[in-house]
Structures are given as structure tokens and as C-alpha cells.
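Participant: Following this message is one structure expressed as C-alpha cells.
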Amino acid sequence: MYRAVIFDVDGTLVDSNDAHATAWVMALAERGRRVTFSRVRPLIGMGGDKLLPEVAGIAAASPEGQAIDARRREIFQSFLPHLKPTRGAKDFLEWLRDDRLTLVVASSASKPELHDLLRVAGMDKLIDSTTSSDAANRSKPDPDIVKAALDRTGCPPAEVIMIGDTPYDVEAALRAGIDIIALRCGGWTDPELVGAVAIYADPADLREHYDLSPFKRPAPLRSA
């Protein structure tokens, strides 16, 4: 039985992956860097420390990289009021709280951005603790953020499971030594989420099958 759950946020609890990709494309374009949405979108889930070098050959710590990221954050702020939770996300968090599980967030977003995302989705009061890019030197798929979240649960790895929506979440969780359930609502397909102990459509689907999920007993990969 698990005692704590580590959640990713973007794409997992909040339907924000497309907004992040659009903000990156717009910020890059303002600096004369033409990068397509289709190039950026599959990389959402990484932090800017990895995304910028990948799509534009720009070091995130460089003056240009910092300027692009700052502008990206400004653009994303304008999208925030229009973002919605993923299907069943808030109800699922409340369900887990009722089941006395500790809930911790591990996100590649900055601390202020993470706070805004949880607040807009109405979930900020349901989370026991958060870890963001500010708490780690390297973003996902490196395990730093997940390990920081694991420390905050106060539980051994065997008693903690993560829920995420990207291949980067899966890799980070496995490298941190914990199991992960993957959700398709972030836009990835089952073959791209290999390594997860189970795959569900979204939080509502996972809650519907809660008694059969890895929360309650060991289970083979479920893909529905």
C-alpha cells in the first residue's frame, strides 16, 4: 500500500501543455528564433534548461536564454485564466486526501508559476507540499525534482507512487526509484509511456478504477 503520491502538474492536473508550447514559440519568435509548435510540443514536461538548447541551441543560463524564458513566463501568465483542470483532477485529489494519502507536487515549473497553476485549478489547498524547478539543479527527466519531492513525503520509496503524463515523468520517477502511473491526458501515447506500472486516460479514469489500480494492489500494466 502506498502512503504518499507525487504529482506532476502540467498535463496531469492542469490542461496546460499546449499553452506552455505556444508561450515558448511566441517568446522565441520575438527574439527572431522561428521554431514550430510541433517541434516544441513534444518537449513540454522538460524544464527550460533542457528545452531551449534542444529547440534553439540556446543555453538557458545565457543572457538570451534568460530573456526568452522571462518573456515566455509573461506570455504564459496571460493564458493562465483560461486554463482548466484535467478531467476529474480535483475530485481525485480530494478522494486521495480522504484516503489519508500525503500529496506532494514535483513540477519543472518555477515556484511562482506552480503556485498560480494550482490556484487557478482550485487545488492549492489540497496539496501537502510542493517542489519546483527552484528546488533542483536539473529538470525532468533527471530525477532531482522527484527526489526532492520524495524527501518531502517522509516515506521510503516503496511507499510512494508518482502520477504524471509525459515520458520525462516516467523516466524521472524510475530514476528516483519509485513507481509511476501515467495518464494520456497530456498528449502522449501508451508506447511513449513505457515503464509506467499502469496507464489511464485521465484522473477521472484512474479514480473510477481506484480499487483495481496499483494504489490497492500490485497490478500489471493496464491500458484502457
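Every chain in the C-alpha cells has a letter given in the order shown (A, B, ...), and although residue numbers restart at 1 in each chain, ligands are simply numbered from 1 in the order shown.
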If we count only C-alpha atoms, what is near Val146 of chain A at a cut-off of 12 Å, once residues fewer than 5 positions away on the same chain are taken out, given as a ChimeraX atom specification?
Facilitator: /A:5-8,104-108,130-133,135-141,151-153,157,160-164,168-180
Participant: Per DSSP on the backbone, what are the strand (DSSP E or B) residues of segment 79-113 of chain A, as a VMD selection string?
Facilitator: chain A and resid 85 102 to 106
Participant: Save out the residues we just selected, N, CA and C atoms, as an mmCIF file, in the first residue's frame.
Facilitator:
data_model
loop_
_atom_site.group_PDB
_atom_site.id
_atom_site.type_symbol
_atom_site.label_atom_id
_atom_site.label_comp_id
_atom_site.auth_asym_id
_atom_site.auth_seq_id
_atom_site.Cartn_x
_atom_site.Cartn_y
_atom_site.Cartn_z
ATOM 1 N N PRO A 85 -8.620 22.418 -15.167
ATOM 2 C CA PRO A 85 -8.072 21.148 -14.661
ATOM 3 C C PRO A 85 -8.323 20.028 -15.674
ATOM 4 N N THR A 102 -0.602 11.267 1.637
ATOM 5 C CA THR A 102 0.117 12.538 1.556
ATOM 6 C C THR A 102 0.291 12.899 0.084
ATOM 7 N N LEU A 103 -0.007 14.136 -0.286
ATOM 8 C CA LEU A 103 0.051 14.568 -1.677
ATOM 9 C C LEU A 103 1.132 15.637 -1.843
ATOM 10 N N VAL A 104 2.084 15.351 -2.730
ATOM 11 C CA VAL A 104 3.203 16.250 -2.979
ATOM 12 C C VAL A 104 3.323 16.478 -4.482
ATOM 13 N N VAL A 105 3.677 17.683 -4.866
ATOM 14 C CA VAL A 105 3.841 18.025 -6.279
ATOM 15 C C VAL A 105 5.317 18.081 -6.636
ATOM 16 N N ALA A 106 5.652 17.546 -7.819
ATOM 17 C CA ALA A 106 7.010 17.641 -8.366
ATOM 18 C C ALA A 106 6.900 18.171 -9.787
#
Participant: Got a sec: who's within 9 Å of segment 48-58 of chain A, counting only C-alpha atoms, leaving out chain neighbours fewer than 5 positions off, as a PDB file with C-alpha atoms, in the first residue's frame?
Facilitator:
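After the write, part.pdb holds the following:
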ATOM      1  CA  TRP A  24       7.687  29.125 -25.903  1.00  0.00           C
ATOM      2  CA  LEU A  28      11.322  32.546 -29.303  1.00  0.00           C
ATOM      3  CA  ARG A  33      14.013  32.382 -33.417  1.00  0.00           C
ATOM      4  CA  ARG A  34      11.470  30.624 -35.642  1.00  0.00           C
ATOM      5  CA  VAL A  35      10.543  27.317 -34.032  1.00  0.00           C
ATOM      6  CA  ARG A  39       8.825  20.972 -32.593  1.00  0.00           C
ATOM      7  CA  VAL A  40       8.246  22.345 -29.100  1.00  0.00           C
ATOM      8  CA  LEU A  43       9.343  18.562 -25.265  1.00  0.00           C
ATOM      9  CA  GLU A  64      19.443  35.396 -24.342  1.00  0.00           C
ATOM     10  CA  GLY A  65      18.120  32.237 -22.729  1.00  0.00           C
ATOM     11  CA  ILE A  68      13.437  34.261 -23.655  1.00  0.00           C
ATOM     12  CA  ASP A  69      12.370  32.375 -20.541  1.00  0.00           C
ATOM     13  CA  SER A 108       9.570  21.541 -13.674  1.00  0.00           C
ATOM     14  CA  ALA A 109       7.693  24.853 -13.416  1.00  0.00           C
ATOM     15  CA  ARG A 138      18.254  19.748 -13.188  1.00  0.00           C
ATOM     16  CA  SER A 139      14.736  19.364 -14.535  1.00  0.00           C
ATOM     17  CA  LYS A 140      12.994  16.189 -15.699  1.00  0.00           C
TER      18      LYS A 140
END
Participant: Got a sec to tell me which of segment 3-143 of chain A DSSP assigns to helix (DSSP H, G or I), as a short mmCIF file (atom, residue, chain, number, x, y, z; two decimals) with C-alpha atoms, in the first residue's frame?
Facilitator:
data_model
loop_
_atom_site.label_atom_id
_atom_site.label_comp_id
_atom_site.auth_asym_id
_atom_site.auth_seq_id
_atom_site.Cartn_x
_atom_site.Cartn_y
_atom_site.Cartn_z
CA ASN A 17 0.76 21.64 -22.12
CA ASP A 18 -0.43 23.36 -25.31
CA ALA A 19 -0.32 26.76 -23.57
CA HIS A 20 3.28 26.16 -22.49
CA ALA A 21 4.29 25.18 -26.02
CA THR A 22 2.59 28.22 -27.51
CA ALA A 23 4.27 30.53 -25.00
CA TRP A 24 7.69 29.12 -25.90
CA VAL A 25 7.02 29.52 -29.64
CA MET A 26 5.88 33.12 -29.20
CA ALA A 27 8.79 34.08 -26.93
CA LEU A 28 11.32 32.55 -29.30
CA ALA A 29 9.72 34.28 -32.29
CA GLU A 30 10.04 37.67 -30.60
CA PHE A 37 4.72 24.40 -32.31
CA SER A 38 5.12 20.78 -33.45
CA ARG A 39 8.82 20.97 -32.59
CA VAL A 40 8.25 22.34 -29.10
CA ARG A 41 5.13 20.46 -28.03
CA PRO A 42 6.75 17.00 -27.58
CA LEU A 43 9.34 18.56 -25.27
CA GLY A 48 13.72 25.31 -19.93
CA ASP A 49 17.26 24.19 -19.07
CA LYS A 50 16.74 21.31 -21.49
CA LEU A 51 14.12 22.65 -23.90
CA LEU A 52 15.95 25.79 -25.03
CA PRO A 53 19.18 24.04 -26.04
CA GLU A 54 17.15 21.33 -27.77
CA VAL A 55 14.95 23.57 -29.94
CA ALA A 56 17.18 26.61 -30.47
CA PRO A 63 21.51 36.27 -21.27
CA GLU A 64 19.44 35.40 -24.34
CA GLY A 65 18.12 32.24 -22.73
CA GLN A 66 17.11 34.09 -19.58
CA ALA A 67 15.39 36.81 -21.63
CA ILE A 68 13.44 34.26 -23.66
CA ASP A 69 12.37 32.38 -20.54
CA ALA A 70 11.28 35.58 -18.80
CA ARG A 71 9.18 36.55 -21.81
CA ARG A 72 7.77 33.03 -22.03
CA ARG A 73 6.60 33.34 -18.42
CA GLU A 74 4.91 36.66 -19.18
CA ILE A 75 3.07 35.17 -22.15
CA PHE A 76 2.05 32.10 -20.18
CA GLN A 77 0.60 34.32 -17.44
CA SER A 78 -1.86 35.67 -19.99
CA PHE A 79 -3.05 32.10 -20.67
CA LEU A 80 -3.50 31.17 -17.01
CA PRO A 81 -7.07 32.48 -16.52
CA HIS A 82 -8.23 30.29 -19.41
CA ALA A 89 -8.36 16.11 -11.23
CA LYS A 90 -9.73 18.00 -8.23
CA ASP A 91 -12.15 15.21 -7.28
CA PHE A 92 -9.31 12.70 -7.45
CA LEU A 93 -7.10 14.76 -5.13
CA GLU A 94 -9.96 15.05 -2.67
CA TRP A 95 -10.51 11.30 -2.92
CA LEU A 96 -6.86 10.62 -2.08
CA ARG A 97 -6.94 13.06 0.82
CA ASP A 98 -9.98 11.22 2.18
CA LYS A 111 7.70 28.16 -7.82
CA PRO A 112 5.52 31.21 -8.66
CA GLU A 113 4.21 29.57 -11.83
CA LEU A 114 3.43 26.36 -9.98
CA HIS A 115 1.52 28.26 -7.31
CA ASP A 116 -0.52 30.05 -9.99
CA LEU A 117 -1.34 26.80 -11.79
CA LEU A 118 -2.60 25.11 -8.62
CA ARG A 119 -4.56 28.19 -7.59
CA VAL A 120 -6.26 28.58 -10.97
CA SER A 133 12.47 23.84 -10.56
CA ASP A 134 13.73 26.15 -7.80
CA ALA A 135 14.38 23.09 -5.62
#
Participant: Please report the interatomic distance between atom CA of Met123 of chain A and atom CA of Met46 of chain A in Å with one decimal.
Facilitator: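 These two atoms are separated by 22.3 Å.
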Participant: Mind giving me the straight-line distance from atom CA of Tyr210 of chain A to atom CA of Ala198 of chain A in Å, one decimal?
Facilitator: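 Answer for the atom CA of Tyr210 of chain A to atom CA of Ala198 of chain A separation: 11.5 Å.
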Participant: Record the distance separating atom CA of Pro214 of chain A and atom CA of Val194 of chain A, expressed in Å with one decimal.
Facilitator: 15.8 Å
Participant: Need the shell around Ala182 of chain A: protein/DNA/RNA residues with any atom at most 10 Å away, counting only C-alpha atoms. Skip same-chain ones fewer than 4 positions apart. Format as a short mmCIF file (atom, residue, chain, number, x, y, z; two decimals) with C-alpha atoms, in the first residue's frame?
Facilitator:
data_model
loop_
_atom_site.label_atom_id
_atom_site.label_comp_id
_atom_site.auth_asym_id
_atom_site.auth_seq_id
_atom_site.Cartn_x
_atom_site.Cartn_y
_atom_site.Cartn_z
CA THR A 12 -1.55 15.79 -15.32
CA MET A 162 4.04 9.20 -8.82
CA ILE A 163 1.37 10.24 -11.31
CA GLY A 164 2.48 12.02 -14.49
CA ASP A 165 1.68 12.44 -18.15
CA THR A 166 4.99 12.58 -20.04
CA PRO A 167 7.85 10.23 -20.86
CA ASP A 169 7.89 11.99 -15.73
CA VAL A 170 8.22 8.24 -16.25
CA GLY A 186 -1.07 15.23 -21.54
CA TRP A 188 1.40 11.07 -25.14
CA THR A 189 0.58 7.57 -26.33
CA ASP A 190 0.98 4.29 -24.47
CA LEU A 193 4.85 5.96 -21.60
CA VAL A 194 6.58 2.58 -21.30
CA GLY A 195 7.87 1.97 -17.79
CA ALA A 196 4.69 3.08 -16.00
CA VAL A 197 3.03 0.42 -13.86
CA ALA A 198 -0.35 1.43 -15.35
CA ILE A 199 -1.75 3.88 -17.88
CA TYR A 200 -5.13 5.61 -17.62
CA ALA A 201 -6.89 8.24 -19.71
CA ASP A 202 -7.01 10.94 -17.01
CA PRO A 203 -7.58 11.41 -13.27
CA LEU A 206 -7.92 6.45 -12.57
CA SER A 223 -4.04 0.30 -20.82
#
